[in-house]
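Chemist: Okay, so here is data17.txt, and as you'll see once you scroll down, it has compact mmCIF, C-alpha atoms.
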# COMPACT_ATOMS: atom_id res chain seq x y z
CA MET A 138 -42.50 120.89 -93.45
CA HIS A 139 -39.68 122.57 -95.41
CA VAL A 140 -41.62 122.17 -98.64
CA THR A 141 -44.68 123.79 -97.07
CA LYS A 142 -42.67 126.73 -95.77
CA GLY A 143 -40.97 127.17 -99.16
CA ALA A 144 -44.32 127.11 -100.97
CA LYS A 145 -45.76 129.70 -98.57
CA ALA A 146 -42.71 131.95 -99.05
CA ALA A 147 -42.98 131.65 -102.84
CA ALA A 148 -46.70 132.47 -102.69
CA VAL A 149 -45.97 135.58 -100.61
CA VAL A 150 -43.34 136.74 -103.11
CA ILE A 151 -45.65 136.14 -106.08
CA ALA A 152 -48.53 137.94 -104.35
CA SER A 153 -46.32 140.94 -103.57
CA ASP A 154 -45.16 141.09 -107.19
CA TRP A 155 -48.75 141.13 -108.42
CA VAL A 156 -49.74 143.83 -105.92
CA THR A 157 -46.84 145.98 -107.13
CA VAL A 158 -47.66 145.42 -110.81
CA LEU A 159 -51.37 146.16 -110.42
CA GLY A 160 -50.55 149.21 -108.30
CA PHE A 161 -48.26 150.52 -111.05
CA ILE A 162 -50.84 149.88 -113.76
CA PHE A 163 -53.90 151.30 -112.02
CA GLY A 164 -52.10 154.08 -110.14
CA GLY A 165 -49.75 155.19 -112.90
CA CYS A 166 -52.08 154.78 -115.87
CA CYS A 167 -55.10 156.41 -114.20
CA SER A 168 -53.10 159.43 -113.07
CA ASN A 169 -51.58 159.59 -116.54
CA VAL A 170 -55.04 159.94 -118.06
CA PHE A 171 -55.87 162.90 -115.82
CA ALA A 172 -52.65 164.71 -116.74
CA LEU A 173 -53.38 163.99 -120.40
CA GLU A 174 -56.88 165.47 -120.12
CA ASN A 175 -55.40 168.63 -118.63
CA LEU A 176 -53.05 168.96 -121.60
CA VAL A 177 -55.46 168.25 -124.45
CA ARG A 178 -58.08 170.54 -122.95
CA ASP A 179 -55.85 173.56 -123.70
CA VAL A 180 -53.76 172.21 -126.60
CA PRO A 181 -55.83 169.51 -128.35
CA LYS A 182 -53.21 168.59 -130.97
CA CYS A 183 -50.22 167.89 -128.75
CA GLY A 184 -50.12 164.10 -129.04
CA ASN A 185 -46.77 163.91 -130.84
CA LEU A 186 -45.05 166.09 -128.24
CA ILE A 187 -46.48 164.06 -125.36
CA THR A 188 -45.44 160.75 -126.92
CA PHE A 189 -41.94 162.02 -127.72
CA ALA A 190 -41.47 163.36 -124.18
CA GLN A 191 -42.57 160.02 -122.71
CA PHE A 192 -40.24 157.98 -124.91
CA PHE A 193 -37.30 160.34 -124.36
CA PHE A 194 -37.67 160.38 -120.57
CA ILE A 195 -38.07 156.60 -120.24
CA THR A 196 -34.96 156.13 -122.42
CA LEU A 197 -32.97 158.49 -120.17
CA VAL A 198 -34.06 156.59 -117.05
CA GLY A 199 -32.92 153.28 -118.57
CA LEU A 200 -29.55 154.49 -119.88
CA PRO A 201 -27.46 153.78 -116.73
CA ALA A 202 -28.62 150.15 -116.61
CA HIS A 203 -28.08 149.37 -120.30
CA VAL A 204 -25.17 151.60 -121.37
CA GLN A 205 -21.58 151.45 -120.08
CA TRP A 206 -18.43 153.46 -120.70
CA PRO A 207 -15.46 151.06 -120.72
CA ALA A 208 -12.11 152.29 -119.48
CA GLY A 209 -10.07 153.75 -122.32
CA ALA A 210 -12.99 153.82 -124.75
CA TRP A 211 -13.93 156.98 -126.64
CA LEU A 212 -17.63 156.21 -126.87
CA PRO A 213 -20.12 154.46 -124.59
CA GLN A 214 -21.25 150.94 -125.42
CA LEU A 215 -24.42 148.97 -124.87
CA ARG A 216 -24.27 146.32 -122.21
CA GLU A 217 -24.72 142.68 -123.13
CA ARG A 218 -28.37 141.93 -123.92
CA GLN A 219 -30.36 138.94 -122.76
CA VAL A 220 -32.69 139.16 -125.76
CA PRO A 221 -31.51 139.52 -129.39
CA LEU A 222 -31.76 143.06 -130.73
CA GLN A 223 -33.83 141.86 -133.70
CA ARG A 224 -36.66 140.97 -131.32
CA TRP A 225 -36.88 144.51 -129.96
CA ILE A 226 -36.67 145.98 -133.48
CA VAL A 227 -39.66 143.91 -134.60
CA MET A 228 -41.67 145.02 -131.56
CA VAL A 229 -40.88 148.69 -132.17
CA GLY A 230 -41.80 148.34 -135.85
CA LEU A 231 -45.15 146.75 -134.99
CA TYR A 232 -45.92 149.39 -132.37
CA PHE A 233 -45.05 152.21 -134.77
CA CYS A 234 -47.27 150.71 -137.49
CA VAL A 235 -50.19 150.41 -135.04
CA SER A 236 -49.82 154.06 -133.99
CA ILE A 237 -49.63 155.27 -137.60
CA LEU A 238 -52.70 153.25 -138.65
CA ASN A 239 -54.79 154.54 -135.72
CA ASN A 240 -53.84 158.14 -136.48
CA LEU A 241 -54.45 157.76 -140.22
CA ALA A 242 -57.90 156.26 -139.62
CA LEU A 243 -59.10 159.48 -137.98
CA GLY A 244 -58.59 161.26 -141.30
CA PHE A 245 -61.07 158.98 -143.13
CA GLN A 246 -64.34 160.13 -141.52
CA ILE A 247 -64.02 157.79 -138.55
CA SER A 248 -65.93 159.05 -135.53
CA ILE A 249 -64.45 158.97 -132.06
CA PRO A 250 -67.06 156.47 -130.75
CA LEU A 251 -66.22 154.07 -133.58
CA HIS A 252 -62.54 154.56 -132.86
CA ILE A 253 -63.17 153.67 -129.21
CA VAL A 254 -65.13 150.56 -130.18
CA PHE A 255 -62.27 149.26 -132.34
CA ARG A 256 -59.65 149.99 -129.71
CA SER A 257 -61.75 148.13 -127.14
CA SER A 258 -61.92 145.07 -129.39
CA GLY A 259 -58.27 144.25 -128.69
CA LEU A 260 -59.29 141.42 -126.35
CA ILE A 261 -61.27 139.64 -129.05
CA ALA A 262 -58.51 140.23 -131.62
CA ASN A 263 -55.90 138.87 -129.20
CA MET A 264 -57.94 135.74 -128.62
CA ALA A 265 -58.55 135.26 -132.36
CA CYS A 266 -54.84 135.64 -133.19
CA GLY A 267 -53.96 133.27 -130.37
CA TYR A 268 -56.39 130.69 -131.78
CA PHE A 269 -55.43 130.92 -135.46
CA VAL A 270 -51.75 131.92 -135.26
CA ALA A 271 -50.41 130.52 -131.99
CA ALA A 272 -52.72 127.43 -132.00
CA LYS A 273 -54.04 128.24 -128.52
CA ARG A 274 -57.28 126.79 -127.24
CA TYR A 275 -59.50 128.67 -124.79
CA PRO A 276 -62.23 127.24 -122.56
CA ALA A 277 -65.78 128.44 -123.13
CA GLN A 278 -65.85 130.31 -119.80
CA GLN A 279 -62.84 132.38 -120.84
CA VAL A 280 -64.35 133.23 -124.22
CA VAL A 281 -67.58 134.40 -122.57
CA ALA A 282 -65.62 136.44 -120.03
CA VAL A 283 -63.64 138.18 -122.78
CA LEU A 284 -66.83 139.01 -124.69
CA MET A 285 -68.40 140.43 -121.53
CA VAL A 286 -65.39 142.64 -120.76
CA SER A 287 -65.17 143.93 -124.33
CA ALA A 288 -68.90 144.64 -124.56
CA GLY A 289 -68.89 146.32 -121.15
CA VAL A 290 -66.05 148.68 -122.02
CA VAL A 291 -67.71 149.65 -125.31
CA ILE A 292 -71.14 150.23 -123.72
CA ALA A 293 -69.77 152.22 -120.77
CA THR A 294 -67.54 154.37 -122.97
CA LEU A 295 -70.20 155.15 -125.56
CA ALA A 296 -72.69 155.94 -122.80
CA SER A 297 -70.32 158.55 -121.38
CA ILE A 298 -69.98 160.41 -124.70
CA THR A 299 -72.35 163.33 -125.23
CA SER A 300 -73.63 163.60 -128.75
CA ASP A 301 -73.27 167.25 -129.72
CA ALA A 302 -73.36 166.76 -133.49
CA PRO A 303 -76.27 168.51 -135.25
CA SER A 304 -78.96 166.25 -136.61
CA GLY A 305 -78.86 167.79 -140.05
CA ASP A 306 -75.40 166.51 -140.88
CA SER A 307 -76.77 163.24 -142.16
CA ASP A 308 -78.05 164.94 -145.34
CA GLY A 309 -74.55 165.49 -146.58
CA VAL A 310 -73.59 161.84 -146.67
CA SER A 311 -72.24 160.87 -150.09
CA TRP A 312 -70.83 157.77 -151.68
CA PHE A 313 -67.36 159.29 -151.37
CA GLY A 314 -67.87 159.74 -147.63
CA VAL A 315 -69.00 156.13 -147.24
CA HIS A 316 -66.00 155.00 -149.28
CA GLU A 317 -63.66 156.95 -146.98
CA SER A 318 -65.29 155.40 -143.92
CA VAL A 319 -64.70 151.92 -145.33
CA ILE A 320 -61.00 152.76 -145.77
CA GLY A 321 -60.85 154.07 -142.20
CA ILE A 322 -62.50 150.92 -140.84
CA ALA A 323 -60.01 148.79 -142.81
CA LEU A 324 -57.12 150.76 -141.29
CA LEU A 325 -58.52 150.32 -137.78
CA THR A 326 -59.03 146.61 -138.33
CA LEU A 327 -55.46 146.18 -139.52
CA GLY A 328 -54.21 148.18 -136.53
CA VAL A 329 -56.12 146.00 -134.07
CA ALA A 330 -54.77 142.82 -135.71
CA LEU A 331 -51.17 144.10 -135.59
CA ALA A 332 -51.60 145.11 -131.93
CA ALA A 333 -52.76 141.57 -131.12
CA MET A 334 -49.77 140.13 -132.97
CA LEU A 335 -47.50 142.46 -131.02
CA GLY A 336 -48.89 141.14 -127.74
CA LEU A 337 -48.36 137.52 -128.77
CA TYR A 338 -44.84 138.33 -129.99
CA GLN A 339 -43.98 139.90 -126.63
CA GLU A 340 -45.38 136.89 -124.81
CA SER A 341 -43.29 134.55 -126.97
CA THR A 342 -40.15 136.64 -126.41
CA TYR A 343 -40.40 136.57 -122.63
CA ARG A 344 -41.26 132.87 -122.65
CA THR A 345 -38.21 132.06 -124.81
CA TYR A 346 -35.53 134.36 -123.39
CA GLY A 347 -36.72 135.00 -119.84
CA LYS A 348 -38.51 137.78 -117.96
CA HIS A 349 -36.23 140.67 -118.90
CA TRP A 350 -38.94 143.32 -118.83
CA LYS A 351 -36.59 146.18 -117.95
CA GLU A 352 -34.56 145.49 -121.08
CA GLY A 353 -37.75 145.48 -123.13
CA LEU A 354 -38.89 148.75 -121.55
CA PHE A 355 -35.62 150.44 -122.51
CA TYR A 356 -35.21 149.16 -126.07
CA ASN A 357 -38.88 149.55 -127.02
CA HIS A 358 -38.57 153.27 -126.27
CA ALA A 359 -34.95 153.95 -127.28
CA LEU A 360 -35.24 152.33 -130.72
CA ALA A 361 -38.39 154.33 -131.47
CA LEU A 362 -36.80 157.76 -130.91
CA PRO A 363 -35.44 158.16 -134.49
CA MET A 364 -38.97 157.73 -135.82
CA PHE A 365 -40.02 161.02 -134.21
CA LEU A 366 -37.86 162.86 -136.77
CA LEU A 367 -40.81 162.46 -139.13
CA PHE A 368 -42.87 164.68 -136.79
CA ARG A 369 -40.21 167.20 -135.73
CA GLY A 370 -42.19 170.13 -137.17
CA ASP A 371 -45.35 169.23 -135.24
CA ILE A 372 -43.36 168.62 -132.05
CA ALA A 373 -41.70 172.05 -132.27
CA SER A 374 -45.00 173.88 -132.85
CA GLN A 375 -46.68 171.99 -130.01
CA ALA A 376 -43.80 172.88 -127.67
CA ARG A 377 -44.28 176.55 -128.51
CA ALA A 378 -47.99 176.24 -127.76
CA LEU A 379 -47.24 174.78 -124.31
CA SER A 380 -44.75 177.57 -123.61
CA MET A 381 -47.48 180.18 -124.15
CA SER A 382 -49.57 178.85 -121.26
CA ARG A 383 -50.01 180.68 -117.98
CA PRO A 384 -46.81 180.71 -115.85
CA VAL A 385 -46.96 179.10 -112.43
CA GLY A 386 -44.50 179.69 -109.58
CA LEU A 387 -42.69 176.57 -108.46
CA ASP A 388 -43.20 177.51 -104.83
CA ALA A 389 -46.95 176.99 -105.34
CA LEU A 390 -46.39 173.26 -105.83
CA PRO A 391 -46.91 171.35 -102.56
CA LEU A 392 -43.79 169.18 -102.53
CA VAL A 393 -41.45 171.58 -104.31
CA GLY A 394 -42.40 174.55 -102.14
CA ALA A 395 -42.01 172.60 -98.91
CA CYS A 396 -38.61 171.14 -99.86
CA LEU A 397 -36.90 174.10 -101.52
CA GLY A 398 -38.75 177.02 -99.98
CA SER A 399 -37.37 180.41 -100.93
CA CYS A 400 -34.93 178.98 -103.47
CA VAL A 401 -37.74 178.56 -106.01
CA ARG A 402 -39.88 181.52 -104.96
CA LEU A 403 -38.89 183.59 -107.99
CA ALA A 404 -38.88 180.69 -110.48
CA ALA A 405 -41.91 180.16 -112.70
CA VAL A 406 -42.65 177.83 -115.59
CA PRO A 407 -45.62 177.48 -117.96
CA ALA A 408 -48.42 175.52 -116.35
CA LEU A 409 -48.77 173.08 -119.23
CA TRP A 410 -45.11 172.09 -118.98
CA LEU A 411 -45.82 171.02 -115.40
CA SER A 412 -48.76 168.97 -116.67
CA LEU A 413 -46.47 167.41 -119.25
CA ALA A 414 -43.95 166.54 -116.53
CA ALA A 415 -46.70 164.88 -114.47
CA ASN A 416 -47.85 162.97 -117.55
CA VAL A 417 -44.32 161.74 -118.31
CA LEU A 418 -43.64 160.60 -114.73
CA SER A 419 -46.95 158.76 -114.48
CA GLN A 420 -46.31 157.17 -117.88
CA LEU A 421 -43.03 155.73 -116.58
CA VAL A 422 -44.89 154.11 -113.70
CA CYS A 423 -47.66 152.87 -115.99
CA VAL A 424 -45.49 151.26 -118.68
CA SER A 425 -43.21 149.74 -116.04
CA GLY A 426 -46.22 147.90 -114.65
CA VAL A 427 -47.41 146.90 -118.11
CA HIS A 428 -44.01 145.53 -119.20
CA ARG A 429 -43.55 143.71 -115.93
CA MET A 430 -46.98 142.10 -116.21
CA THR A 431 -46.21 141.13 -119.82
CA SER A 432 -43.31 139.05 -118.52
CA MET A 433 -45.48 137.46 -115.79
CA SER A 434 -48.69 136.56 -117.63
CA THR A 435 -50.20 135.90 -121.03
CA SER A 436 -51.03 138.63 -123.51
CA LEU A 437 -54.75 137.94 -123.07
CA SER A 438 -54.58 138.41 -119.28
CA LEU A 439 -52.73 141.69 -119.78
CA ASN A 440 -55.47 142.92 -122.11
CA VAL A 441 -58.15 142.04 -119.56
CA VAL A 442 -56.35 144.08 -116.87
CA LEU A 443 -55.83 147.01 -119.25
CA ASN A 444 -59.51 147.04 -120.19
CA LEU A 445 -60.44 147.01 -116.52
CA ARG A 446 -58.01 149.88 -115.96
CA LYS A 447 -59.64 151.79 -118.80
CA LEU A 448 -63.02 151.41 -117.14
CA VAL A 449 -61.65 152.53 -113.76
CA SER A 450 -60.18 155.64 -115.42
CA LEU A 451 -63.57 156.36 -117.00
CA VAL A 452 -65.41 155.98 -113.68
CA LEU A 453 -62.91 158.18 -111.82
CA SER A 454 -63.14 160.81 -114.54
CA VAL A 455 -66.92 160.85 -114.26
CA LEU A 456 -66.80 161.14 -110.48
CA LEU A 457 -64.11 163.83 -110.35
CA PHE A 458 -65.50 166.00 -113.15
CA LYS A 459 -69.13 165.59 -111.99
CA ASN A 460 -70.32 164.07 -115.25
CA PRO A 461 -73.76 162.42 -115.22
CA VAL A 462 -73.94 158.68 -114.65
CA THR A 463 -76.18 156.99 -117.20
CA PRO A 464 -77.85 153.56 -117.02
CA GLY A 465 -75.71 152.44 -119.96
CA MET A 466 -72.55 153.26 -118.02
CA LEU A 467 -73.75 151.28 -115.00
CA PHE A 468 -74.66 148.32 -117.21
CA GLY A 469 -71.26 148.43 -118.92
CA CYS A 470 -69.43 148.59 -115.58
CA ALA A 471 -71.39 145.58 -114.34
CA LEU A 472 -70.47 143.62 -117.47
CA VAL A 473 -66.78 144.44 -117.10
CA PHE A 474 -66.59 143.48 -113.44
CA LEU A 475 -68.56 140.27 -113.98
CA GLY A 476 -66.41 139.36 -116.99
CA THR A 477 -63.20 140.07 -115.07
CA PHE A 478 -64.36 137.91 -112.18
CA ALA A 479 -65.30 135.09 -114.57
CA TYR A 480 -61.90 135.36 -116.27
CA SER A 481 -60.09 135.20 -112.93
CA GLN A 482 -61.78 131.86 -112.17
CA VAL A 483 -60.23 130.23 -115.26
CA GLY A 484 -56.73 128.76 -115.26
CA THR A 485 -53.99 131.26 -115.94
CA ASN A 486 -52.59 129.35 -118.90
CA PRO A 487 -55.41 127.68 -120.83
CA GLY A 488 -53.52 127.39 -124.07
CA LYS A 489 -51.64 124.30 -125.00
CA ALA A 490 -47.89 124.15 -124.87
CA ASP A 491 -45.88 125.90 -127.54
CA SER A 492 -45.37 123.42 -130.35
CA SER A 493 -42.20 125.13 -131.50
CA LEU A 494 -40.36 124.00 -128.39
CA PRO A 495 -38.85 120.51 -128.36
CA PRO A 496 -40.67 117.96 -126.21
CA PRO A 497 -39.07 117.22 -122.87
CA THR A 498 -36.74 114.25 -122.83
CA PRO A 499 -38.11 111.51 -120.60
CA ALA A 500 -35.94 110.49 -117.72
CA VAL A 501 -34.13 107.18 -118.26
CA VAL A 502 -34.33 104.84 -115.31
CA HIS A 503 -31.58 102.22 -115.27
CA ARG A 504 -32.80 99.03 -113.73
CA HIS A 505 -30.03 96.69 -112.68
CA PRO A 506 -31.12 93.05 -112.38
CA VAL A 507 -30.56 91.67 -108.92
CA SER A 508 -29.84 87.99 -108.65
CA ARG A 509 -31.71 86.13 -105.99
CA ASN A 510 -28.53 84.22 -105.19
CA THR A 511 -26.66 87.38 -104.37
CA THR A 512 -25.93 87.52 -100.67
CA PRO A 513 -27.09 90.83 -99.27
CA LEU A 514 -24.72 93.00 -97.34
CA CYS A 515 -24.60 92.66 -93.57
CA THR A 516 -22.83 94.44 -90.80
CA THR A 517 -22.50 91.77 -88.07
CA THR A 518 -21.69 88.05 -88.05
CA SER A 519 -25.09 87.04 -86.68
CA GLN A 520 -26.92 88.98 -89.39
CA CYS A 521 -24.84 87.32 -92.10
CA THR A 522 -25.53 83.86 -90.67
CA GLN A 523 -29.28 84.45 -90.55
CA ARG A 524 -29.39 85.81 -94.08
CA ARG A 525 -27.40 82.85 -95.42
CA ARG A 526 -29.89 80.46 -93.84
CA ARG A 527 -32.83 82.31 -95.36
CA GLN A 528 -31.09 82.27 -98.73
CA ARG A 529 -30.52 78.48 -98.55
CA VAL A 530 -34.22 77.92 -97.78
CA ALA A 531 -35.19 80.08 -100.73
CA ASP A 532 -32.82 78.18 -103.03
CA LYS A 533 -34.30 74.84 -101.96
CA LEU A 534 -37.82 76.09 -102.65
CA ASP A 535 -36.67 77.15 -106.14
CA ASP A 536 -35.20 73.67 -106.76
CA ASN A 537 -38.43 71.99 -105.71
CA GLU A 538 -40.40 74.19 -108.10
For the file at hand, write its structure as structure tokens.
Modeler:
Amino acid sequence: MHVTKGAKAAAVVIASDWVTVLGFIFGGCCSNVFALENLVRDVPKCGNLITFAQFFFITLVGLPAHVQWPAGAWLPQLRERQVPLQRWIVMVGLYFCVSILNNLALGFQISIPLHIVFRSSGLIANMACGYFVAAKRYPAQQVVAVLMVSAGVVIATLASITSDAPSGDSDGVSWFGVHESVIGIALLTLGVALAAMLGLYQESTYRTYGKHWKEGLFYNHALALPMFLLFRGDIASQARALSMSRPVGLDALPLVGACLGSCVRLAAVPALWLSLAANVLSQLVCVSGVHRMTSMSTSLSLNVVLNLRKLVSLVLSVLLFKNPVTPGMLFGCALVFLGTFAYSQVGTNPGKADSSLPPPTPAVVHRHPVSRNTTPLCTTTSQCTQRRRRQRVADKLDDNE
């Protein structure tokens, strides 16, 4: 009875954790996409500023939990870590390399649809790296489900893109242009492979050192801040572009106006800075859910959820902005949902155990030989007398044999 109650309580806790994580991922990431669309519509080349603002804000939020100021010390110190710092440095390096490769590929005549196709192939790359690098083995149903989800995201995304390019551009294709496209495809392929390796490395880190996702969230963003010095010129120019947007009074905001009232009636800020603030806040919710799910599941399961989230964002964008729904989009959505359902029916951990870990030591059972002539313990005189008689009979039978 106690075991049943404990199992039910554990199931309730696990279910609540998953509801929270999925709520963070779908709620935070989808709202983040809408704020991003509002920004890039007016300032298309503001990616570096957005990324820097997200990393800086998430680092500030995590400072109180990971930095302390000892009594009598002149400078603050980092709290004791549960995961070695080298692990976080490797993750940040891989993430930075993936971002650089994806951005560089756009400069080698890589179209946006092709870029989307490669970014949607992360599921297949994750499974391939898990098979060849981590020696994982996947059941056939899981492989088919991953292929369905990947194909569905690609089909639905490409179907939502309007082709506005003139038809006469194909006459200008040269060998140099083809050569540049090959370089761009190579860069995208390398970026996808490194992203898959990053996912497996995160999975291995949490499996080895425990589910310290808050520590990973802080260090993955804090250690990357110095890298933005390479883009300080772009970040400054993009900040000036946001400052030139139309000013909006803070009292016009629903929550701010209701809470502060006349105190903010005269205050006004550029509208795009408010969009950036909304993007940063939603990004904190989104990455918190992603890091928490990374500590709870495999890298492949995380990629399935993120691809489903990408499709949900696409569908909501189409519905909110009144974009036409094409048959290709409906077919892609059906593939994604069917693939996700098929994946959910497979065991959560299909791969074999990590061979780098030592095998469990079998329990040693000490068996003490019991002599048949040993008189068993008894509590009363009558019990002892009866047991002695039974023992004598047994001894006589042994002698006769």
Chemist: In the coordinate frame of the file, compute which residues have an atom within 12 Å of (-50.0, 153.0, -140.1) when using all atoms listed in the file, and state them as a list in words.
Modeler: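 Using all atoms listed in the file, the matching residues come out as Gly230, Leu231, Tyr232, Phe233, Cys234, Val235, Ser236, Ile237, Leu238, Asn239, Asn240, Leu241, Ala242, Leu243, Gly244, Gly321, Ala323, Leu324, Leu325, Thr326, Leu327, Gly328, Val329, Leu331 and Ala332 of chain A.
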Chemist: What's around segment 362-372 of chain A at 9 Å? Count all atoms listed in the file, leave out sequence neighbours fewer than 3 positions away in its own chain, and write the answer as a count of residues only.
Modeler: 16
Chemist: Can you work out the spacing between atom CA of Trp350 of chain A and atom CA of Gly164 of chain A in Å, to one decimal?
Modeler: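 Atom-to-atom, atom CA of Trp350 of chain A and atom CA of Gly164 of chain A are spaced 19.1 Å apart.
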Chemist: Using Å and a single decimal, report how far atom CA of Ser425 of chain A sits from atom CA of Val406 of chain A.
Modeler: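 Between these atoms lies a distance of 28.1 Å.
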Chemist: So which one's closest to Ser412 of chain A, A:Leu453, A:Met285, A:Leu335, A:Val177? Using all atoms listed in the file, please.
Modeler: A:Val177
Chemist: Between atom CA of Val283 of chain A and atom CA of Cys470 of chain A, what is the distance in Å, rounded to a tenth?
Modeler: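 Atom CA of Cys470 of chain A lies at a distance of 13.9 Å from atom CA of Val283 of chain A.
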Chemist: Smallest atom-to-atom distance to Thr188 of chain A: which of A:Leu456, A:Lys447, A:Leu159, A:Leu413, using all atoms listed in the file?
Modeler: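 That would be A:Leu413, the residue with the smallest distance to Thr188 of chain A.
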Chemist: Contacts of Gly259 of chain A at 8 Å or less, counting only C-alpha atoms, minus same-chain residues fewer than 3 places along, as JSON, numbers by chain?
Modeler: {"A": [255, 256, 262, 263, 329, 330, 332, 333, 440]}
Chemist: So that all listed atoms of segment 168-185 of chain A fit with 8 Å spare on each side, what axis-aligned box centre and edge lengths in Å, to one decimal, would you give as AutoDock Vina command-line options?
Modeler:
--center_x -52.4 --center_y 166.5 --center_z -122.0 --size_x 27.3 --size_y 30.1 --size_z 33.9
Chemist: Find, counting all atoms listed in the file, the residue in A:Leu451, A:Met334, A:Ile226, A:Met433 that gets nearest to Val291 of chain A.
Modeler: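 Comparing A:Leu451, A:Met334, A:Ile226, A:Met433 against Val291 of chain A, the winner is A:Leu451.
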Chemist: Pick out the residues sitting within 12 Å of Leu418 of chain A, and hand them over as a VMD selection string; count only C-alpha atoms, and ignore anything fewer than 3 positions along from it in its own chain.
Modeler: chain A and resid 161 164 to 166 168 to 170 172 to 173 187 190 to 195 198 411 to 415 421 to 425
Chemist: Since we have the selection now, will you write its residues out, keeping C-alpha atoms, as a CSV table (one decimal), keeping the file's coordinate frame?
Modeler:
chain,number,residue,atom,x,y,z
A,161,PHE,CA,-48.3,150.5,-111.0
A,164,GLY,CA,-52.1,154.1,-110.1
A,165,GLY,CA,-49.8,155.2,-112.9
A,166,CYS,CA,-52.1,154.8,-115.9
A,168,SER,CA,-53.1,159.4,-113.1
A,169,ASN,CA,-51.6,159.6,-116.5
A,170,VAL,CA,-55.0,159.9,-118.1
A,172,ALA,CA,-52.6,164.7,-116.7
A,173,LEU,CA,-53.4,164.0,-120.4
A,187,ILE,CA,-46.5,164.1,-125.4
A,190,ALA,CA,-41.5,163.4,-124.2
A,191,GLN,CA,-42.6,160.0,-122.7
A,192,PHE,CA,-40.2,158.0,-124.9
A,193,PHE,CA,-37.3,160.3,-124.4
A,194,PHE,CA,-37.7,160.4,-120.6
A,195,ILE,CA,-38.1,156.6,-120.2
A,198,VAL,CA,-34.1,156.6,-117.0
A,411,LEU,CA,-45.8,171.0,-115.4
A,412,SER,CA,-48.8,169.0,-116.7
A,413,LEU,CA,-46.5,167.4,-119.2
A,414,ALA,CA,-44.0,166.5,-116.5
A,415,ALA,CA,-46.7,164.9,-114.5
A,421,LEU,CA,-43.0,155.7,-116.6
A,422,VAL,CA,-44.9,154.1,-113.7
A,423,CYS,CA,-47.7,152.9,-116.0
A,424,VAL,CA,-45.5,151.3,-118.7
A,425,SER,CA,-43.2,149.7,-116.0
Chemist: When distances are computed from all atoms listed in the file, which of A:Gly267, A:Gly289, A:Gly353, A:Pro207 shows the smallest separation from Met466 of chain A?
Modeler: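 Selected residue with least distance to Met466 of chain A: A:Gly289.
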Chemist: Determine the nearest neighbour of Leu360 of chain A from the options A:Val229, A:Gln214, A:His203, A:Ile162, counting only C-alpha atoms.
Modeler: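 Looking only at the distances to Leu360 of chain A, the closest residue turns out to be A:Val229.
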Chemist: Taking only C-alpha atoms into account, name the residue in A:Ala471, A:Val158, A:Leu443, A:Ala373 that is nearest to Arg429 of chain A.
Modeler: A:Val158
Chemist: Would you kindly place N, CA and C atoms on segment 263-274 of chain A and return the model as an mmCIF file, keeping the file's coordinate frame?
Modeler:
data_model
loop_
_atom_site.group_PDB
_atom_site.id
_atom_site.type_symbol
_atom_site.label_atom_id
_atom_site.label_comp_id
_atom_site.auth_asym_id
_atom_site.auth_seq_id
_atom_site.Cartn_x
_atom_site.Cartn_y
_atom_site.Cartn_z
ATOM 1 N N ASN A 263 -56.988 139.641 -129.804
ATOM 2 C CA ASN A 263 -55.900 138.870 -129.200
ATOM 3 C C ASN A 263 -56.267 137.392 -129.100
ATOM 4 N N MET A 264 -57.507 137.124 -128.721
ATOM 5 C CA MET A 264 -57.940 135.740 -128.620
ATOM 6 C C MET A 264 -58.011 135.077 -130.000
ATOM 7 N N ALA A 265 -58.468 135.815 -131.004
ATOM 8 C CA ALA A 265 -58.550 135.260 -132.360
ATOM 9 C C ALA A 265 -57.156 134.955 -132.912
ATOM 10 N N CYS A 266 -56.210 135.885 -132.725
ATOM 11 C CA CYS A 266 -54.840 135.640 -133.190
ATOM 12 C C CYS A 266 -54.202 134.485 -132.430
ATOM 13 N N GLY A 267 -54.483 134.393 -131.129
ATOM 14 C CA GLY A 267 -53.960 133.270 -130.370
ATOM 15 C C GLY A 267 -54.500 131.942 -130.851
ATOM 16 N N TYR A 268 -55.760 131.930 -131.302
ATOM 17 C CA TYR A 268 -56.390 130.690 -131.780
ATOM 18 C C TYR A 268 -55.851 130.287 -133.156
ATOM 19 N N PHE A 269 -55.796 131.258 -134.085
ATOM 20 C CA PHE A 269 -55.430 130.920 -135.460
ATOM 21 C C PHE A 269 -53.923 130.931 -135.707
ATOM 22 N N VAL A 270 -53.190 131.789 -135.006
ATOM 23 C CA VAL A 270 -51.750 131.920 -135.260
ATOM 24 C C VAL A 270 -50.931 131.081 -134.289
ATOM 25 N N ALA A 271 -51.207 131.218 -132.990
ATOM 26 C CA ALA A 271 -50.410 130.520 -131.990
ATOM 27 C C ALA A 271 -51.001 129.165 -131.595
ATOM 28 N N ALA A 272 -52.091 128.741 -132.240
ATOM 29 C CA ALA A 272 -52.720 127.430 -132.000
ATOM 30 C C ALA A 272 -53.108 127.257 -130.530
ATOM 31 N N LYS A 273 -53.573 128.332 -129.897
ATOM 32 C CA LYS A 273 -54.040 128.240 -128.520
ATOM 33 C C LYS A 273 -55.496 127.815 -128.498
ATOM 34 N N ARG A 274 -55.891 127.210 -127.414
ATOM 35 C CA ARG A 274 -57.280 126.790 -127.240
ATOM 36 C C ARG A 274 -57.785 127.357 -125.916
#
